[in-house]
Structure formats: structure tokens, C-alpha cells
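Trainee: Please find protein-v6.cif (mmCIF, C-alpha atoms; chains and numbers go by the auth columns) on the next line:
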```
data_query
loop_
_atom_site.group_PDB
_atom_site.id
_atom_site.type_symbol
_atom_site.label_atom_id
_atom_site.label_comp_id
_atom_site.label_asym_id
_atom_site.label_seq_id
_atom_site.Cartn_x
_atom_site.Cartn_y
_atom_site.Cartn_z
_atom_site.B_iso_or_equiv
_atom_site.auth_seq_id
_atom_site.auth_asym_id
ATOM 1 C CA MET A 1 24.407 -14.926 -23.316 0.00 1 A
ATOM 2 C CA THR A 2 25.800 -15.126 -19.768 0.00 2 A
ATOM 3 C CA GLY A 3 26.950 -11.503 -19.927 0.00 3 A
ATOM 4 C CA LEU A 4 23.526 -10.373 -21.142 0.00 4 A
ATOM 5 C CA ALA A 5 21.754 -12.210 -18.315 0.00 5 A
ATOM 6 C CA VAL A 6 24.033 -10.598 -15.735 0.00 6 A
ATOM 7 C CA ALA A 7 23.323 -7.145 -17.200 0.00 7 A
ATOM 8 C CA VAL A 8 19.558 -7.669 -17.050 0.00 8 A
ATOM 9 C CA ILE A 9 19.704 -8.898 -13.452 0.00 9 A
ATOM 10 C CA ALA A 10 21.870 -5.932 -12.480 0.00 10 A
ATOM 11 C CA GLY A 11 19.298 -3.565 -13.988 0.00 11 A
ATOM 12 C CA VAL A 12 16.534 -5.087 -11.877 0.00 12 A
ATOM 13 C CA VAL A 13 18.638 -4.820 -8.708 0.00 13 A
ATOM 14 C CA LEU A 14 19.296 -1.126 -9.359 0.00 14 A
ATOM 15 C CA LEU A 15 15.600 -0.459 -9.849 0.00 15 A
ATOM 16 C CA SER A 16 14.750 -2.180 -6.587 0.00 16 A
ATOM 17 C CA GLY A 17 16.166 0.756 -4.649 0.00 17 A
ATOM 18 C CA GLY A 18 18.277 -1.547 -2.476 0.00 18 A
ATOM 19 C CA VAL A 19 15.341 -3.567 -1.139 0.00 19 A
ATOM 20 C CA GLU A 20 16.024 -7.281 -1.072 0.00 20 A
ATOM 21 C CA ALA A 21 13.488 -9.523 -2.758 0.00 21 A
ATOM 22 C CA SER A 22 13.458 -11.704 0.358 0.00 22 A
ATOM 23 C CA ALA A 23 11.534 -8.946 2.157 0.00 23 A
ATOM 24 C CA TRP A 24 8.569 -9.744 -0.047 0.00 24 A
ATOM 25 C CA LYS A 25 8.605 -13.559 -0.007 0.00 25 A
ATOM 26 C CA ASP A 26 4.830 -13.748 0.011 0.00 26 A
ATOM 27 C CA ARG A 27 4.507 -11.962 -3.338 0.00 27 A
ATOM 28 C CA LYS A 28 7.203 -13.270 -5.705 0.00 28 A
ATOM 29 C CA THR A 29 7.019 -11.915 -9.261 0.00 29 A
ATOM 30 C CA GLU A 30 8.853 -12.400 -12.513 0.00 30 A
ATOM 31 C CA LEU A 31 9.841 -9.616 -14.920 0.00 31 A
ATOM 32 C CA ASP A 32 9.804 -10.581 -18.567 0.00 32 A
ATOM 33 C CA THR A 33 12.421 -9.363 -21.046 0.00 33 A
ATOM 34 C CA TYR A 34 10.124 -6.651 -22.428 0.00 34 A
ATOM 35 C CA THR A 35 9.411 -5.150 -19.004 0.00 35 A
ATOM 36 C CA VAL A 36 13.098 -4.988 -18.039 0.00 36 A
ATOM 37 C CA TRP A 37 13.983 -3.403 -21.383 0.00 37 A
ATOM 38 C CA HIS A 38 11.141 -0.888 -21.074 0.00 38 A
ATOM 39 C CA LEU A 39 12.158 0.313 -17.614 0.00 39 A
ATOM 40 C CA LYS A 40 15.855 0.530 -18.448 0.00 40 A
ATOM 41 C CA SER A 41 15.340 2.396 -21.703 0.00 41 A
ATOM 42 C CA SER A 42 12.713 4.733 -20.220 0.00 42 A
ATOM 43 C CA SER A 43 14.982 5.684 -17.324 0.00 43 A
ATOM 44 C CA ARG A 44 17.544 6.973 -19.812 0.00 44 A
ATOM 45 C CA GLN A 45 15.185 9.451 -21.443 0.00 45 A
ATOM 46 C CA LYS A 46 16.279 13.032 -20.838 0.00 46 A
ATOM 47 C CA THR A 47 12.830 14.548 -21.320 0.00 47 A
ATOM 48 C CA ALA A 48 10.780 15.418 -18.247 0.00 48 A
ATOM 49 C CA GLY A 49 8.529 12.610 -17.089 0.00 49 A
ATOM 50 C CA VAL A 50 4.895 12.694 -16.005 0.00 50 A
ATOM 51 C CA THR A 51 4.170 12.890 -12.278 0.00 51 A
ATOM 52 C CA TYR A 52 1.289 10.750 -11.028 0.00 52 A
ATOM 53 C CA LYS A 53 -0.589 11.077 -7.767 0.00 53 A
ATOM 54 C CA VAL A 54 -1.685 7.693 -6.474 0.00 54 A
ATOM 55 C CA VAL A 55 -4.602 7.353 -4.056 0.00 55 A
ATOM 56 C CA GLY A 56 -5.343 3.988 -2.478 0.00 56 A
ATOM 57 C CA ILE A 57 -8.694 3.375 -0.759 0.00 57 A
ATOM 58 C CA PHE A 58 -9.314 0.400 1.533 0.00 58 A
ATOM 59 C CA GLN A 59 -12.818 -0.344 2.831 0.00 59 A
ATOM 60 C CA ARG A 60 -14.032 -3.205 5.005 0.00 60 A
ATOM 61 C CA GLU A 61 -17.277 -3.503 6.945 0.00 61 A
ATOM 62 C CA LYS A 62 -16.003 -5.949 9.581 0.00 62 A
ATOM 63 C CA GLN A 63 -12.403 -5.158 10.464 0.00 63 A
ATOM 64 C CA PHE A 64 -10.999 -6.269 13.815 0.00 64 A
ATOM 65 C CA ILE A 65 -9.241 -3.260 15.327 0.00 65 A
ATOM 66 C CA GLY A 66 -7.869 -4.848 18.502 0.00 66 A
ATOM 67 C CA GLY A 67 -9.243 -7.072 21.254 0.00 67 A
ATOM 68 C CA SER A 68 -12.860 -7.933 20.505 0.00 68 A
ATOM 69 C CA ALA A 69 -13.513 -4.592 18.788 0.00 69 A
ATOM 70 C CA VAL A 70 -14.911 -4.637 15.250 0.00 70 A
ATOM 71 C CA ALA A 71 -15.703 -1.635 13.060 0.00 71 A
ATOM 72 C CA ASP A 72 -16.372 -0.465 9.516 0.00 72 A
ATOM 73 C CA VAL A 73 -13.028 0.904 8.344 0.00 73 A
ATOM 74 C CA THR A 74 -11.991 3.236 5.523 0.00 74 A
ATOM 75 C CA GLU A 75 -8.304 3.943 4.910 0.00 75 A
ATOM 76 C CA GLN A 76 -6.712 6.290 2.374 0.00 76 A
ATOM 77 C CA VAL A 77 -3.038 6.197 1.351 0.00 77 A
ATOM 78 C CA GLU A 78 -1.389 8.661 -1.041 0.00 78 A
ATOM 79 C CA PHE A 79 1.953 8.940 -2.815 0.00 79 A
ATOM 80 C CA GLU A 80 3.481 10.430 -5.970 0.00 80 A
ATOM 81 C CA PHE A 81 5.949 9.132 -8.535 0.00 81 A
ATOM 82 C CA THR A 82 7.333 10.205 -11.896 0.00 82 A
ATOM 83 C CA TRP A 83 7.051 8.051 -15.014 0.00 83 A
ATOM 84 C CA PRO A 84 9.286 6.824 -16.587 0.00 84 A
ATOM 85 C CA LEU A 85 10.897 5.537 -13.400 0.00 85 A
ATOM 86 C CA VAL A 86 14.416 6.816 -12.832 0.00 86 A
ATOM 87 C CA GLU A 87 17.049 4.699 -11.139 0.00 87 A
ATOM 88 C CA GLY A 88 17.799 5.969 -7.637 0.00 88 A
ATOM 89 C CA THR A 89 14.677 8.159 -7.457 0.00 89 A
ATOM 90 C CA GLN A 90 12.102 7.046 -4.902 0.00 90 A
ATOM 91 C CA PRO A 91 8.366 7.880 -4.851 0.00 91 A
ATOM 92 C CA LYS A 92 7.179 10.702 -2.592 0.00 92 A
ATOM 93 C CA VAL A 93 5.159 9.718 0.478 0.00 93 A
ATOM 94 C CA LEU A 94 2.279 12.155 1.078 0.00 94 A
ATOM 95 C CA PRO A 95 0.888 13.045 4.545 0.00 95 A
ATOM 96 C CA ASN A 96 -1.142 10.386 6.313 0.00 96 A
ATOM 97 C CA ASN A 97 -4.944 10.454 6.303 0.00 97 A
ATOM 98 C CA PRO A 98 -6.417 9.230 9.615 0.00 98 A
ATOM 99 C CA THR A 99 -8.356 5.989 9.335 0.00 99 A
ATOM 100 C CA LYS A 100 -12.123 6.471 9.420 0.00 100 A
ATOM 101 C CA VAL A 101 -13.779 4.121 11.939 0.00 101 A
ATOM 102 C CA ASP A 102 -17.579 3.735 12.029 0.00 102 A
ATOM 103 C CA ASN A 103 -20.101 1.417 13.663 0.00 103 A
ATOM 104 C CA LEU A 104 -17.806 0.270 16.488 0.00 104 A
ATOM 105 C CA ARG A 105 -19.097 -2.929 18.091 0.00 105 A
ATOM 106 C CA ASP A 106 -18.142 -6.098 19.939 0.00 106 A
ATOM 107 C CA GLY A 107 -17.072 -8.887 17.594 0.00 107 A
ATOM 108 C CA SER A 108 -19.164 -11.481 19.415 0.00 108 A
ATOM 109 C CA ALA A 109 -22.301 -9.312 19.236 0.00 109 A
ATOM 110 C CA GLU A 110 -22.992 -10.368 22.849 0.00 110 A
ATOM 111 C CA CYS A 111 -21.674 -7.331 24.723 0.00 111 A
ATOM 112 C CA PRO A 112 -21.611 -3.560 24.281 0.00 112 A
ATOM 113 C CA ALA A 113 -18.865 -2.069 22.139 0.00 113 A
ATOM 114 C CA PRO A 114 -15.414 -1.839 23.740 0.00 114 A
ATOM 115 C CA VAL A 115 -14.335 1.586 24.978 0.00 115 A
ATOM 116 C CA LEU A 116 -11.364 2.802 22.919 0.00 116 A
ATOM 117 C CA LYS A 117 -8.632 4.803 24.660 0.00 117 A
ATOM 118 C CA GLY A 118 -7.065 5.984 21.416 0.00 118 A
ATOM 119 C CA THR A 119 -7.425 5.845 17.635 0.00 119 A
ATOM 120 C CA TYR A 120 -7.073 2.938 15.225 0.00 120 A
ATOM 121 C CA GLU A 121 -4.734 3.371 12.257 0.00 121 A
ATOM 122 C CA HIS A 122 -5.084 0.709 9.567 0.00 122 A
ATOM 123 C CA PHE A 123 -2.075 1.649 7.418 0.00 123 A
ATOM 124 C CA ASP A 124 0.124 4.677 8.105 0.00 124 A
ATOM 125 C CA LEU A 125 2.541 4.821 5.155 0.00 125 A
ATOM 126 C CA LYS A 126 6.109 5.463 6.332 0.00 126 A
ATOM 127 C CA SER A 127 8.426 4.649 3.413 0.00 127 A
ATOM 128 C CA MET A 128 8.512 3.315 -0.143 0.00 128 A
ATOM 129 C CA SER A 129 10.861 1.599 -2.569 0.00 129 A
ATOM 130 C CA VAL A 130 10.759 0.662 -6.245 0.00 130 A
ATOM 131 C CA ILE A 131 10.938 -3.094 -6.814 0.00 131 A
ATOM 132 C CA GLY A 132 11.034 -3.806 -10.538 0.00 132 A
ATOM 133 C CA THR A 133 7.564 -2.834 -11.791 0.00 133 A
ATOM 134 C CA MET A 134 6.115 -2.550 -8.294 0.00 134 A
ATOM 135 C CA PHE A 135 6.107 -0.102 -5.412 0.00 135 A
ATOM 136 C CA GLY A 136 6.903 -1.561 -2.015 0.00 136 A
ATOM 137 C CA LEU A 137 4.987 0.290 0.702 0.00 137 A
ATOM 138 C CA VAL A 138 6.014 -0.040 4.350 0.00 138 A
ATOM 139 C CA GLY A 139 3.699 1.299 7.019 0.00 139 A
ATOM 140 C CA GLU A 140 2.345 0.826 10.522 0.00 140 A
ATOM 141 C CA ARG A 141 -0.904 -0.605 11.846 0.00 141 A
ATOM 142 C CA ARG A 142 -1.793 0.739 15.283 0.00 142 A
ATOM 143 C CA THR A 143 -4.506 -0.659 17.533 0.00 143 A
ATOM 144 C CA PRO A 144 -5.456 1.448 20.584 0.00 144 A
ATOM 145 C CA ASP A 145 -5.646 0.554 24.251 0.00 145 A
ATOM 146 C CA MET A 146 -9.223 -0.301 25.162 0.00 146 A
ATOM 147 C CA GLU A 147 -11.577 -1.605 27.803 0.00 147 A
ATOM 148 C CA GLU A 148 -13.625 -4.541 26.562 0.00 148 A
ATOM 149 C CA TYR A 149 -16.564 -6.199 28.257 0.00 149 A
ATOM 150 C CA VAL A 150 -16.245 -9.732 29.594 0.00 150 A
ATOM 151 C CA GLY A 151 -18.630 -12.078 27.818 0.00 151 A
ATOM 152 C CA GLY A 152 -20.275 -15.106 29.380 0.00 152 A
ATOM 153 C CA GLY A 153 -21.124 -13.288 32.578 0.00 153 A
ATOM 154 C CA GLY A 154 -23.763 -10.879 31.453 0.00 154 A
ATOM 155 C CA CYS A 155 -21.158 -8.400 30.196 0.00 155 A
ATOM 156 C CA LYS A 156 -21.118 -6.727 33.608 0.00 156 A
ATOM 157 C CA GLY A 157 -17.394 -6.147 33.893 0.00 157 A
ATOM 158 C CA THR A 158 -14.554 -4.937 31.681 0.00 158 A
ATOM 159 C CA HIS A 159 -10.866 -5.666 31.422 0.00 159 A
ATOM 160 C CA PRO A 160 -8.052 -3.716 29.731 0.00 160 A
ATOM 161 C CA VAL A 161 -6.546 -4.686 26.381 0.00 161 A
ATOM 162 C CA GLN A 162 -3.189 -3.192 25.459 0.00 162 A
ATOM 163 C CA GLY A 163 -2.788 -1.603 22.042 0.00 163 A
ATOM 164 C CA GLN A 164 -0.169 -2.730 19.550 0.00 164 A
ATOM 165 C CA VAL A 165 1.975 -1.301 16.760 0.00 165 A
ATOM 166 C CA ARG A 166 3.204 -3.576 13.993 0.00 166 A
ATOM 167 C CA GLU A 167 4.775 -3.174 10.574 0.00 167 A
ATOM 168 C CA GLU A 168 2.607 -3.747 7.510 0.00 168 A
ATOM 169 C CA GLN A 169 3.723 -4.127 3.888 0.00 169 A
ATOM 170 C CA LEU A 170 1.872 -3.602 0.618 0.00 170 A
ATOM 171 C CA LEU A 171 2.841 -4.124 -3.004 0.00 171 A
ATOM 172 C CA VAL A 172 1.337 -1.870 -5.675 0.00 172 A
ATOM 173 C CA THR A 173 2.030 -2.691 -9.318 0.00 173 A
ATOM 174 C CA VAL A 174 2.644 -0.131 -12.036 0.00 174 A
ATOM 175 C CA PRO A 175 -0.492 -0.033 -14.257 0.00 175 A
ATOM 176 C CA LEU A 176 -0.239 -2.187 -17.365 0.00 176 A
ATOM 177 C CA GLU A 177 -1.209 0.831 -19.461 0.00 177 A
ATOM 178 C CA LEU A 178 2.028 2.572 -18.464 0.00 178 A
ATOM 179 C CA LEU A 179 4.125 -0.504 -19.184 0.00 179 A
ATOM 180 C CA ALA A 180 2.554 -0.857 -22.630 0.00 180 A
ATOM 181 C CA GLY A 181 2.592 2.967 -23.133 0.00 181 A
ATOM 182 C CA PRO A 182 2.508 5.622 -24.205 0.00 182 A
ATOM 183 C CA VAL A 183 -0.838 6.535 -22.624 0.00 183 A
ATOM 184 C CA PRO A 184 -3.070 9.420 -23.760 0.00 184 A
ATOM 185 C CA LYS A 185 -2.369 12.709 -22.000 0.00 185 A
ATOM 186 C CA GLY A 186 -4.462 13.107 -18.858 0.00 186 A
ATOM 187 C CA GLN A 187 -5.577 9.472 -18.698 0.00 187 A
ATOM 188 C CA VAL A 188 -6.569 8.279 -15.209 0.00 188 A
ATOM 189 C CA MET A 189 -5.917 4.617 -14.430 0.00 189 A
ATOM 190 C CA LYS A 190 -7.424 2.355 -11.764 0.00 190 A
ATOM 191 C CA GLN A 191 -6.701 -1.103 -10.424 0.00 191 A
ATOM 192 C CA GLN A 192 -7.828 -3.248 -7.498 0.00 192 A
ATOM 193 C CA ASP A 193 -5.912 -5.678 -5.306 0.00 193 A
ATOM 194 C CA GLN A 194 -6.500 -7.249 -1.869 0.00 194 A
ATOM 195 C CA GLY A 195 -9.334 -4.929 -0.904 0.00 195 A
ATOM 196 C CA TRP A 196 -7.558 -1.783 -2.123 0.00 196 A
ATOM 197 C CA THR A 197 -8.584 0.408 -5.061 0.00 197 A
ATOM 198 C CA TRP A 198 -5.670 2.391 -6.505 0.00 198 A
ATOM 199 C CA THR A 199 -6.232 5.457 -8.709 0.00 199 A
ATOM 200 C CA PHE A 200 -3.343 6.901 -10.749 0.00 200 A
ATOM 201 C CA THR A 201 -3.966 10.535 -11.767 0.00 201 A
ATOM 202 C CA PRO A 202 -1.448 12.570 -13.837 0.00 202 A
ATOM 203 C CA LEU A 203 -0.634 15.978 -12.361 0.00 203 A
ATOM 204 C CA PRO A 204 -0.486 19.149 -14.511 0.00 204 A
#
```
Just give me the structure of the file as C-alpha cells.

Mentor:
Amino acid sequence: MTGLAVAVIAGVVLLSGGVEASAWKDRKTELDTYTVWHLKSSSRQKTAGVTYKVVGIFQREKQFIGGSAVADVTEQVEFEFTWPLVEGTQPKVLPNNPTKVDNLRDGSAECPAPVLKGTYEHFDLKSMSVIGTMFGLVGERRTPDMEEYVGGGGCKGTHPVQGQVREEQLLVTVPLELLAGPVPKGQVMKQQDQGWTWTFTPLP
């Protein structure tokens, strides 16, 4: 039994693409015996897999985008992967879609909207890894330099606010339909998590 447990754990480590589980402490998961068996056996199939395009949409009506600035934000992230997953093969990151920012305003609703000196990027996907039955997405969130009005004094003056760049991480799970598989040819799958809607579409 000890040898079997070691083999299963080794299989999960290989599928993780070298990413340590400690990098995702906030979202610990457990893989049951069926899931591990499914991924390992599927990766050994010699037949060509199915490539899926994944589109993630994030929408929020009151998103702070730096300083006191608030806006309605829409973000779109895209990547591709082939199912069954193959050990050592990483998903393909597709070009970034600029974040759509509408209805810019001051968060306190007391002063005019801040004056942005650049663009806000909610999640610019930079790299990906496979972690068991999940995709680990690493990206950047960029807030622009801006001039914001000073509240409490009639909003007559402004002061500068420096923009920031910080790393952001997302976890996207493989749809349960794929894990239970096989799925009907051409089936589109959707799932929602933490404000994101993810659509999995098979490519011809």
C-alpha cells in the first residue's frame, strides 16, 4: 500500500507542472482516487486529444481601480488546452484583451472623478500551470497614475496618486463533465467562480 500511495502522489506532482502547492495556500484541494486515475490513464492515450478554448469574463459594477477611483469593469481572459491533459504540456496563453472601464467616478461620491494618467488592467494573464485538475493562472493587475480630488474642502484641489503593479493568481477547475467524460462532440461547458464566468468551447 505504501508503494501505491507514493506512485499516486508522484503522478500528481508531475501533473502540477513543477508548481508547488504552497503557492496556492488559499485554495487547498484534494484529489480523489478516481480523479488521479483518470488523469494518469488519459495522459497515456496515443489518440489526438480535443483542444478547448477557454474564455473567462469578469464583471463588477463597483471596482476600485486605484486611489479613490471606482468604475464598472469588464475583463476577458483567454487560453487553450488539450484534453486529455498530457504530462509536461502546458496550456497556451492567448493575447491579452484590454480591460473595459466605464462610468469612472470618485468612490466617496463627494468629488468629481479622478483624472487617470494611464489605463487600468484588472488581470493580464502572463503564465499558466496545471495543478492536478486545476489551471493555475498568474497575471498582473495594473492601476494607473492619477490625479484625485481632495475631499472635505470642497474638492477644489487635487493630489497625485502613484499607480501600482502587483501579481494576481486565479485557479480554474477542469469542468466536471470532462472528468466524468466522455462528453458529446461539440459540447460547450460553463462554470462560475469568484465573479468569473468560464466558457469551455471545443475547437474544430

Trainee: Output the residue selection produced by the PyMOL selection byres ((chain A and resi 116) around 7) on the file above, formatted as a PyMOL selection string.

Mentor: chain A and resi 114-115+117-118+144-147

Trainee: For the residues in that selection, give me C-alpha atoms as a PDB file, in the coordinates of the input.

Mentor:
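again-v2.pdb, written as the output of this step:
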```
ATOM      1  CA  PRO A 114     -15.414  -1.839  23.740  1.00  0.00           C
ATOM      2  CA  VAL A 115     -14.335   1.586  24.978  1.00  0.00           C
ATOM      3  CA  LYS A 117      -8.632   4.803  24.660  1.00  0.00           C
ATOM      4  CA  GLY A 118      -7.065   5.984  21.416  1.00  0.00           C
ATOM      5  CA  PRO A 144      -5.456   1.448  20.584  1.00  0.00           C
ATOM      6  CA  ASP A 145      -5.646   0.554  24.251  1.00  0.00           C
ATOM      7  CA  MET A 146      -9.223  -0.301  25.162  1.00  0.00           C
ATOM      8  CA  GLU A 147     -11.577  -1.605  27.803  1.00  0.00           C
TER       9      GLU A 147
END
```

Trainee: Looking at A:Val101, A:Val174, A:Cys111, A:Val55, which one is nearest to Gly136 of chain A, with distances taken over only C-alpha atoms?

Mentor: A:Val174

Trainee: For the contact check between segment 85-152 of chain A and segment 65-74 of chain A, emit one row per residue of segment 85-152 of chain A within 10 Å, containing the shortest atom pair and the distance in Å rounded to one decimal, counting all atoms listed in the file, chain then rising number order, as a Markdown table.

Mentor:
```
| residue | atom | partner | partner_atom | distance |
| --- | --- | --- | --- | --- |
| A:Pro98 | CA | A:Thr74 | CA | 9.2 |
| A:Thr99 | CA | A:Thr74 | CA | 5.9 |
| A:Lys100 | CA | A:Thr74 | CA | 5.1 |
| A:Val101 | CA | A:Val73 | CA | 4.9 |
| A:Asp102 | CA | A:Asp72 | CA | 5.0 |
| A:Asn103 | CA | A:Ala71 | CA | 5.4 |
| A:Leu104 | CA | A:Ala71 | CA | 4.5 |
| A:Arg105 | CA | A:Val70 | CA | 5.3 |
| A:Asp106 | CA | A:Ala69 | CA | 5.0 |
| A:Gly107 | CA | A:Ser68 | CA | 5.2 |
| A:Ser108 | CA | A:Ser68 | CA | 7.3 |
| A:Ala109 | CA | A:Val70 | CA | 9.6 |
| A:Cys111 | CA | A:Ser68 | CA | 9.8 |
| A:Pro112 | CA | A:Ala69 | CA | 9.8 |
| A:Ala113 | CA | A:Ala69 | CA | 6.8 |
| A:Pro114 | CA | A:Ala69 | CA | 6.0 |
| A:Val115 | CA | A:Ala69 | CA | 8.8 |
| A:Leu116 | CA | A:Ala69 | CA | 8.7 |
| A:Thr119 | CA | A:Ile65 | CA | 9.6 |
| A:Tyr120 | CA | A:Ile65 | CA | 6.6 |
| A:Glu121 | CA | A:Ile65 | CA | 8.6 |
| A:His122 | CA | A:Val73 | CA | 8.0 |
| A:Arg141 | CA | A:Ile65 | CA | 9.4 |
| A:Arg142 | CA | A:Ile65 | CA | 8.5 |
| A:Thr143 | CA | A:Gly66 | CA | 5.5 |
| A:Pro144 | CA | A:Gly66 | CA | 7.1 |
| A:Asp145 | CA | A:Gly66 | CA | 8.2 |
| A:Met146 | CA | A:Gly67 | CA | 7.8 |
| A:Glu147 | CA | A:Gly67 | CA | 8.8 |
| A:Glu148 | CA | A:Ser68 | CA | 7.0 |
| A:Tyr149 | CA | A:Ser68 | CA | 8.8 |
| A:Val150 | CA | A:Ser68 | CA | 9.9 |
```

Trainee: Would you pick out the contacts of Gln76 of chain A at 7 Å or less, using only C-alpha atoms, so that residues sharing its chain but fewer than 2 positions from it are not included, and give the list as a PDB file with C-alpha atoms, in the coordinates of the input?

Mentor:
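Listing of part.pdb after writing:
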```
ATOM      1  CA  VAL A  55      -4.602   7.353  -4.056  1.00  0.00           C
ATOM      2  CA  GLY A  56      -5.343   3.988  -2.478  1.00  0.00           C
ATOM      3  CA  ILE A  57      -8.694   3.375  -0.759  1.00  0.00           C
ATOM      4  CA  PHE A  58      -9.314   0.400   1.533  1.00  0.00           C
ATOM      5  CA  THR A  74     -11.991   3.236   5.523  1.00  0.00           C
ATOM      6  CA  GLU A  78      -1.389   8.661  -1.041  1.00  0.00           C
ATOM      7  CA  ASN A  97      -4.944  10.454   6.303  1.00  0.00           C
TER       8      ASN A  97
END
```

Trainee: Compile the contact shell of Thr201 of chain A as JSON, numbers by chain: residues with an atom at most 7 Å away, counting all atoms listed in the file, same-chain residues fewer than 4 positions apart removed.

Mentor: {"A": [52, 53, 54, 188, 189]}

Trainee: Rank A:Val172, A:Gly151, A:Pro184, A:Val93 by their smallest atom-to-atom distance to Trp196 of chain A, using only C-alpha atoms, and report the top residue only.

Mentor: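 The closest residue to Trp196 of chain A is A:Val172.
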